[in-house]
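Worksheet for the structure shown next.
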Amino acid sequence: MKFLKWFFITLLGLVLALVLYITVIFDPNDFKPQIVDLVKLQTGRELAIGSDLSWTFFPSLGIKLGKITLSNPQGFKNASMVSVNEVVAEVALMPLLKKEVEISQLNLDGLTLKLETQKDGRTSFDGLAGNADNKATSEGATQSTASSNATLARLDIGGIAITNTQITNIDHLSQTEQVFALKELTLGRFQLGEFAPLNYEFSATLPDMAVTSQGQGQIKVAQDLQTITINDFVVNNQVTGEGIPNGSLKADLATSLVVALDKQTLSLVLSSFNAANINATGKLDIAYGSKVPQVVAKLEVGDVDLDALLPKQEGEPANQDKPTANPSKAVEPDLTAMKSVNLDVDVRIKSVKVANLKTENWVMKLLMKGGVADIKQLSADLYGGKINVTAKLDGREKVASYQFDKRLSGVDIRALLIDMADVDLLDGKANFNVAGKGRSLLPDNLKRNLVANGQFEIADGAIHGVNIPQMIREAKAKLGGDLSATAGSTEKKTDFTSMTGSFNVAKGVVTNPDLDMASPLIRLQGAGTANIISEALDYKLTTSVVGSLEGQGGDTRDSLYGVEIPFAISGTMSEPKFALDTKALLDSKLKDETNKLKDSLFKKFGGF
């Protein structure tokens with residue numbers, strides 16, 4: 001017993017002697033000049049530690065320091081790159097003997113980073129790598145990887161608090177400034193294998209917008225340190241700025257996340273998402289272990305009204321005095337990012353409204369690999385019918401190329417044209433097939449470079465804005481001497497039972513060589529072009545009477561039966577102009593009168 005007594009007395013004496021040595025004889029502040037000189041030697045920067053380093057020993061080993069600054073390189077606007085108000089770390093002594101880490105508290109307050117990029121390309125980070133060579137870095141990375149498999153018997157953190165952090169990024173080349181502020185990031189009582197509460201509050205001020213974000217949830221790190229789980233993470237975001245739809249946008253989400261460090265995978269479940277009245281749920285899986293990450297996403301989206309996100313037009317356009325952008329300065333979009341990730345995306349959307357165009361039940365299946373995006377399926381319900389599209393976009397070259405195959409079936413063509421282009425020209429149920437390809441994604445080049453071929457068929461429809469049978473009736477009556485013949489209140493519409501044709505697109509012009517329209521009264525055939533850049537129409541057609549111009553009740557064959565009368569369509573898609581060649585009617589009338597005269601003479605002279 002005396003032995004044990006004296007053993008513990010001796011052990012306690014050694015501990016007290018160690019504490020006395022550290023606190024009285026060994027002063028950590030004696031090393032401050034050496035630390036400052038070492039930083040100066042390695043980086044050329046000035047390090048300042050304003051307050052004295054202080055120790056705590058029992059029941060925890062801790063250190064407290066503050067008023068720390070690290071200078072920017074000479075010639076920079078801000079003298080200091082890094083400043084810290086206070087750092088406090090306390091670790092329990094006894095658990096360390098059992099490979100257990102118990103941190104009473106870890107606080108970081110007032111961290112400020114002032115980063116700059118000069119016009120010559122120099123940045124605040126230049127020189128911080130010191131003189132360490134790549135070999136040492138490589139060896140350090142290898143050791144770090146090897147030690148990453150180590151496990152702790154226990155890790156217990158009483159709490160972590162990071163407060164009043166601000167990062168300012170100044171780019172003198174683009175003359176922009178960005179400010180990021182982390183008001184608070186707190187982690188409650190944390191133990192391996194147990195969930196701990198996590199909260200943050202963040203804001204950012206950018207040249208064209210301001211962002212605020214706050215969130216809270218639960219985080220757990222597995223005992224082997226290889227799996228991180230975040231549950232019930234709720235995030236509320238607010239974005240404001242002139243470029244934001246209607247000046248302000250709220251985006252809230254609730255999610256759960258699992259990161260497997262050993263397998264290098266991330267799995268996210270989106271329980272809810274709401275932004276601009278758009279609701280969504282889904283799942284995202286990312287495998288980031290390979291050189292090109294693999295992303296698999298499935299998303300269910302509710303009603304989407306993109307028109308509501310566009311600025312409201314009140315009076316004259318706000319940018320009417322701004323100079324028009326020079327088309328020659330337009331550059332192709334940079335699609336190199338398509339090579340940096342592989343995607344497998346499945347998106348379902350309840351409805352989409354854009355540019356007053358209404359669609360429902362969208363399904364999109366997209367695969368992207370090696371810089372090529374392949375839309376395996378893009379389908380939707382569209383104005384009583386269906387649209388199905390397959391397409392491919394190749395972003396491997398500087399100028400992107402694309403190809404597509406689009407099919408519409410059973411679509412109300414009049415409602416579609418009115419909502420899409422404010423064009424009231426055609427009516428009926430349309431079937432439309434087109435396959436095409438092209439290069440360049442610039443708006444003007446899209447029209448000029450598109451090469452496509454297709455067919456169309458419209459059943460039980462009408463051409464609006466013109467009544468061709470009535471035009472023929474009027475012209476016929478006037479040629480017969482009735483100069484008072486007018487259309488009256490007759491509706492300007494030409495009904496037909498079918499309209500068919502094929503077309504090709506090249507250099508911004510749609511060419512339709514075989515338009516064929518059939519109705520109970522007339523037949524319309526011919527060819528024409530539609531310029532998709534200027535919207536100009538140029539059709540040369542012939543119309544012939546196949547029934548009584550008096551309508552379905554007419555009993556006798558019309559005198560113009562079988563006569564081909566030239567008919568032209570000009571103007572634009574929004575304001576078409578229709579013209580009937582009355583000279584052909586006159587020639588037909590003269591021919592008819594000549595035939596009648598011949599018949600009369602033959603009868604008088606008894607024939608030949």
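Chain labels follow the order of the structure tokens: the first chain is A, the next B, and so on; residue numbering restarts at 1 in every chain, and ligands are counted from 1 in their shown order.
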Please return as a PDB file with C-alpha atoms, in the first residue's frame: the residues of stretch 220-369 of chain A that backbone DSSP assigns to strand (DSSP E).
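The resulting file, out-v2.pdb, is shown below:
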ATOM      1  CA  LYS A 220     -23.267  11.719 -38.218  1.00  0.00           C
ATOM      2  CA  VAL A 221     -19.781  10.384 -38.905  1.00  0.00           C
ATOM      3  CA  THR A 227     -19.290   7.436 -43.960  1.00  0.00           C
ATOM      4  CA  ILE A 228     -20.890  10.844 -43.390  1.00  0.00           C
ATOM      5  CA  THR A 229     -24.671  11.043 -43.067  1.00  0.00           C
ATOM      6  CA  ILE A 230     -26.759  14.209 -43.000  1.00  0.00           C
ATOM      7  CA  ASN A 231     -30.452  13.852 -42.203  1.00  0.00           C
ATOM      8  CA  ASP A 232     -33.409  16.227 -42.207  1.00  0.00           C
ATOM      9  CA  PHE A 233     -31.328  19.061 -43.644  1.00  0.00           C
ATOM     10  CA  VAL A 234     -33.609  22.050 -44.251  1.00  0.00           C
ATOM     11  CA  VAL A 235     -32.228  24.985 -46.243  1.00  0.00           C
ATOM     12  CA  ASN A 236     -33.861  28.376 -46.903  1.00  0.00           C
ATOM     13  CA  ASN A 237     -32.353  30.602 -49.581  1.00  0.00           C
ATOM     14  CA  GLN A 238     -33.139  34.117 -50.798  1.00  0.00           C
ATOM     15  CA  VAL A 239     -31.648  35.626 -53.972  1.00  0.00           C
ATOM     16  CA  THR A 240     -32.161  39.249 -54.996  1.00  0.00           C
ATOM     17  CA  SER A 248     -36.273  38.302 -55.891  1.00  0.00           C
ATOM     18  CA  LEU A 249     -36.383  34.522 -55.659  1.00  0.00           C
ATOM     19  CA  LYS A 250     -36.882  32.177 -52.713  1.00  0.00           C
ATOM     20  CA  ALA A 251     -35.653  28.595 -52.857  1.00  0.00           C
ATOM     21  CA  ASP A 252     -36.302  26.164 -50.005  1.00  0.00           C
ATOM     22  CA  LEU A 253     -35.363  22.512 -49.829  1.00  0.00           C
ATOM     23  CA  ALA A 254     -35.322  19.551 -47.467  1.00  0.00           C
ATOM     24  CA  THR A 255     -32.822  16.796 -48.136  1.00  0.00           C
ATOM     25  CA  SER A 256     -30.805  13.900 -46.772  1.00  0.00           C
ATOM     26  CA  LEU A 257     -27.271  13.019 -47.795  1.00  0.00           C
ATOM     27  CA  VAL A 258     -24.926  10.039 -47.437  1.00  0.00           C
ATOM     28  CA  VAL A 259     -21.241  10.314 -48.424  1.00  0.00           C
ATOM     29  CA  ALA A 260     -19.215   7.076 -48.523  1.00  0.00           C
ATOM     30  CA  THR A 265     -19.944   7.911 -53.651  1.00  0.00           C
ATOM     31  CA  LEU A 266     -22.574  10.447 -52.684  1.00  0.00           C
ATOM     32  CA  SER A 267     -26.301   9.792 -52.469  1.00  0.00           C
ATOM     33  CA  LEU A 268     -28.790  12.629 -52.008  1.00  0.00           C
ATOM     34  CA  VAL A 269     -32.529  12.336 -51.500  1.00  0.00           C
ATOM     35  CA  LEU A 270     -34.480  15.514 -52.216  1.00  0.00           C
ATOM     36  CA  SER A 271     -37.558  15.270 -50.014  1.00  0.00           C
ATOM     37  CA  SER A 272     -38.892  18.621 -51.181  1.00  0.00           C
ATOM     38  CA  PHE A 273     -37.845  21.613 -53.238  1.00  0.00           C
ATOM     39  CA  ASN A 274     -39.737  24.824 -53.837  1.00  0.00           C
ATOM     40  CA  ALA A 275     -38.651  27.828 -55.880  1.00  0.00           C
ATOM     41  CA  ILE A 278     -42.026  25.078 -58.689  1.00  0.00           C
ATOM     42  CA  ASN A 279     -42.141  21.946 -56.540  1.00  0.00           C
ATOM     43  CA  ALA A 280     -39.889  18.941 -57.002  1.00  0.00           C
ATOM     44  CA  THR A 281     -38.697  15.732 -55.385  1.00  0.00           C
ATOM     45  CA  GLY A 282     -35.997  13.345 -56.476  1.00  0.00           C
ATOM     46  CA  LYS A 283     -32.775  11.457 -55.941  1.00  0.00           C
ATOM     47  CA  LEU A 284     -29.176  12.094 -56.968  1.00  0.00           C
ATOM     48  CA  ASP A 285     -26.329   9.546 -56.927  1.00  0.00           C
ATOM     49  CA  ILE A 286     -22.742  10.587 -57.669  1.00  0.00           C
ATOM     50  CA  ALA A 287     -19.703   8.335 -58.053  1.00  0.00           C
ATOM     51  CA  GLN A 294     -20.825   9.616 -62.895  1.00  0.00           C
ATOM     52  CA  VAL A 295     -24.125  11.293 -61.962  1.00  0.00           C
ATOM     53  CA  VAL A 296     -27.473   9.499 -61.936  1.00  0.00           C
ATOM     54  CA  ALA A 297     -30.508  11.697 -61.262  1.00  0.00           C
ATOM     55  CA  LYS A 298     -34.248  11.088 -61.063  1.00  0.00           C
ATOM     56  CA  LEU A 299     -36.533  14.051 -60.608  1.00  0.00           C
ATOM     57  CA  GLU A 300     -40.288  14.552 -60.290  1.00  0.00           C
ATOM     58  CA  VAL A 301     -41.409  18.143 -60.934  1.00  0.00           C
ATOM     59  CA  GLY A 302     -44.850  19.714 -60.612  1.00  0.00           C
ATOM     60  CA  ASP A 303     -46.297  22.579 -62.660  1.00  0.00           C
ATOM     61  CA  VAL A 304     -43.669  24.893 -64.164  1.00  0.00           C
ATOM     62  CA  ASP A 305     -44.662  28.362 -65.378  1.00  0.00           C
ATOM     63  CA  ASN A 342     -21.194  11.684 -67.227  1.00  0.00           C
ATOM     64  CA  LEU A 343     -24.943  11.956 -66.728  1.00  0.00           C
ATOM     65  CA  ASP A 344     -27.905   9.606 -66.615  1.00  0.00           C
ATOM     66  CA  VAL A 345     -30.960  11.796 -66.040  1.00  0.00           C
ATOM     67  CA  ASP A 346     -34.644  10.897 -65.841  1.00  0.00           C
ATOM     68  CA  VAL A 347     -36.974  13.869 -65.371  1.00  0.00           C
ATOM     69  CA  ARG A 348     -40.784  13.887 -65.203  1.00  0.00           C
ATOM     70  CA  ILE A 349     -42.643  17.230 -65.244  1.00  0.00           C
ATOM     71  CA  LYS A 350     -46.385  17.587 -64.702  1.00  0.00           C
ATOM     72  CA  SER A 351     -46.741  20.647 -66.955  1.00  0.00           C
ATOM     73  CA  VAL A 352     -44.667  23.394 -68.557  1.00  0.00           C
ATOM     74  CA  LYS A 353     -45.786  26.822 -69.751  1.00  0.00           C
ATOM     75  CA  VAL A 354     -43.261  28.892 -71.673  1.00  0.00           C
ATOM     76  CA  LEU A 357     -47.006  27.481 -74.967  1.00  0.00           C
ATOM     77  CA  LYS A 358     -48.740  24.894 -72.757  1.00  0.00           C
ATOM     78  CA  THR A 359     -47.578  21.286 -72.438  1.00  0.00           C
ATOM     79  CA  GLU A 360     -48.178  18.460 -69.972  1.00  0.00           C
ATOM     80  CA  ASN A 361     -46.727  15.130 -68.805  1.00  0.00           C
ATOM     81  CA  TRP A 362     -43.132  15.730 -69.831  1.00  0.00           C
ATOM     82  CA  VAL A 363     -40.683  12.822 -69.807  1.00  0.00           C
ATOM     83  CA  MET A 364     -36.990  13.373 -70.507  1.00  0.00           C
ATOM     84  CA  LYS A 365     -34.319  10.679 -70.494  1.00  0.00           C
ATOM     85  CA  LEU A 366     -30.811  12.015 -71.076  1.00  0.00           C
ATOM     86  CA  LEU A 367     -27.436  10.302 -71.275  1.00  0.00           C
ATOM     87  CA  MET A 368     -24.242  12.347 -71.482  1.00  0.00           C
ATOM     88  CA  LYS A 369     -20.781  10.861 -71.845  1.00  0.00           C
TER      89      LYS A 369
END
Would you list the contacts of A:Ile532 as a VMD selection string, taking every protein, DNA or RNA residue within 8 Å and counting only C-alpha atoms, but skipping same-chain residues closer than 5 positions in sequence? chain A and resid 447 508 to 510
Considering only C-alpha atoms, can you say which of A:Gly395, A:Gly110, A:Gly438, A:Pro33 comes closest to A:Pro333?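 Nearest candidate to A:Pro333 out of A:Gly395, A:Gly110, A:Gly438, A:Pro33: A:Gly395.
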In Å, with one decimal, what is the gap from atom CA of A:Gln223 to atom CA of A:Ala161? 22.5 Å
Between atom CA of A:Asp460 and atom CA of A:Ala475, what is the spacing in Å? 26.6 Å
So that I can check the surroundings of A:Leu537, please list as a PDB file with N, CA and C atoms, in the first residue's frame every protein, DNA and RNA residue that reaches within 8 Å of it, counting only C-alpha atoms and ignoring chain neighbours fewer than 6 positions away.
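Contents of result-v5.pdb, freshly written:
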ATOM      1  N   GLY A 528     -43.957  26.213-102.667  1.00  0.00           N
ATOM      2  CA  GLY A 528     -43.614  27.516-102.125  1.00  0.00           C
ATOM      3  C   GLY A 528     -42.508  27.441-101.099  1.00  0.00           C
ATOM      4  N   THR A 529     -42.165  28.598-100.574  1.00  0.00           N
ATOM      5  CA  THR A 529     -41.114  28.690 -99.562  1.00  0.00           C
ATOM      6  C   THR A 529     -41.577  29.570 -98.405  1.00  0.00           C
ATOM      7  N   ALA A 530     -40.962  29.305 -97.237  1.00  0.00           N
ATOM      8  CA  ALA A 530     -41.171  30.134 -96.053  1.00  0.00           C
ATOM      9  C   ALA A 530     -39.800  30.407 -95.457  1.00  0.00           C
ATOM     10  N   ASN A 531     -39.456  31.690 -95.353  1.00  0.00           N
ATOM     11  CA  ASN A 531     -38.159  32.079 -94.814  1.00  0.00           C
ATOM     12  C   ASN A 531     -38.267  32.171 -93.294  1.00  0.00           C
ATOM     13  N   ILE A 569     -49.652  33.106-102.463  1.00  0.00           N
ATOM     14  CA  ILE A 569     -49.605  33.499-101.052  1.00  0.00           C
ATOM     15  C   ILE A 569     -48.282  34.220-100.840  1.00  0.00           C
ATOM     16  N   SER A 570     -48.352  35.443-100.310  1.00  0.00           N
ATOM     17  CA  SER A 570     -47.160  36.241-100.035  1.00  0.00           C
ATOM     18  C   SER A 570     -47.302  36.877 -98.650  1.00  0.00           C
ATOM     19  N   GLY A 571     -46.508  37.912 -98.397  1.00  0.00           N
ATOM     20  CA  GLY A 571     -46.559  38.536 -97.081  1.00  0.00           C
ATOM     21  C   GLY A 571     -45.688  37.780 -96.083  1.00  0.00           C
ATOM     22  N   THR A 572     -46.128  37.733 -94.831  1.00  0.00           N
ATOM     23  CA  THR A 572     -45.383  37.055 -93.781  1.00  0.00           C
ATOM     24  C   THR A 572     -46.273  36.029 -93.087  1.00  0.00           C
ATOM     25  N   MET A 573     -45.667  35.243 -92.219  1.00  0.00           N
ATOM     26  CA  MET A 573     -46.424  34.217 -91.513  1.00  0.00           C
ATOM     27  C   MET A 573     -47.499  34.822 -90.613  1.00  0.00           C
ATOM     28  N   PRO A 576     -50.235  37.071 -93.704  1.00  0.00           N
ATOM     29  CA  PRO A 576     -50.181  36.540 -95.076  1.00  0.00           C
ATOM     30  C   PRO A 576     -51.111  37.310 -96.008  1.00  0.00           C
TER      31      PRO A 576
END
Need the shell around A:Ala452: protein/DNA/RNA residues with any atom at most 10 Å away, counting only C-alpha atoms. Skip same-chain ones fewer than 4 positions apart. Format as a list in words? Gln403, Phe404, Asp405, Val434, Ala435, Gly436, Lys437, Gly438, Phe503, Asn504, Val505, Ala506 and Val510 of chain A
Restricting the output to N, CA, C and O atoms, write the selected residues as a short mmCIF file (atom, residue, chain, number, x, y, z; two decimals), in the first residue's frame.
data_model
loop_
_atom_site.label_atom_id
_atom_site.label_comp_id
_atom_site.auth_asym_id
_atom_site.auth_seq_id
_atom_site.Cartn_x
_atom_site.Cartn_y
_atom_site.Cartn_z
N GLN A 403 -28.20 16.91 -83.90
CA GLN A 403 -29.14 16.25 -84.80
C GLN A 403 -30.38 15.89 -83.99
O GLN A 403 -30.31 15.73 -82.77
N PHE A 404 -31.51 15.76 -84.68
CA PHE A 404 -32.76 15.52 -83.97
C PHE A 404 -33.77 14.83 -84.87
O PHE A 404 -33.67 14.85 -86.10
N ASP A 405 -34.76 14.24 -84.23
CA ASP A 405 -35.90 13.63 -84.93
C ASP A 405 -37.14 13.95 -84.10
O ASP A 405 -37.25 13.51 -82.96
N VAL A 434 -40.16 15.53 -88.63
CA VAL A 434 -39.01 16.23 -89.19
C VAL A 434 -37.75 15.68 -88.54
O VAL A 434 -37.69 15.42 -87.34
N ALA A 435 -36.73 15.48 -89.36
CA ALA A 435 -35.42 15.05 -88.89
C ALA A 435 -34.40 16.03 -89.47
O ALA A 435 -34.46 16.38 -90.65
N GLY A 436 -33.48 16.46 -88.63
CA GLY A 436 -32.52 17.44 -89.11
C GLY A 436 -31.22 17.42 -88.35
O GLY A 436 -31.06 16.69 -87.37
N LYS A 437 -30.30 18.27 -88.81
CA LYS A 437 -29.01 18.38 -88.16
C LYS A 437 -28.44 19.76 -88.47
O LYS A 437 -28.93 20.48 -89.36
N GLY A 438 -27.40 20.14 -87.72
CA GLY A 438 -26.79 21.44 -87.96
C GLY A 438 -25.58 21.64 -87.06
O GLY A 438 -25.23 20.80 -86.24
N PHE A 503 -41.29 18.72 -97.02
CA PHE A 503 -40.52 19.97 -97.00
C PHE A 503 -39.07 19.66 -96.67
O PHE A 503 -38.72 18.60 -96.12
N ASN A 504 -38.22 20.60 -97.02
CA ASN A 504 -36.83 20.54 -96.60
C ASN A 504 -36.40 21.93 -96.16
O ASN A 504 -36.97 22.95 -96.59
N VAL A 505 -35.42 21.97 -95.27
CA VAL A 505 -34.92 23.22 -94.71
C VAL A 505 -33.44 23.34 -95.02
O VAL A 505 -32.66 22.42 -94.75
N ALA A 506 -33.06 24.48 -95.57
CA ALA A 506 -31.65 24.74 -95.86
C ALA A 506 -31.44 26.25 -95.95
O ALA A 506 -32.27 26.97 -96.54
N VAL A 510 -37.50 27.25 -95.72
CA VAL A 510 -38.27 26.02 -95.78
C VAL A 510 -38.89 25.92 -97.17
O VAL A 510 -39.64 26.82 -97.58
#
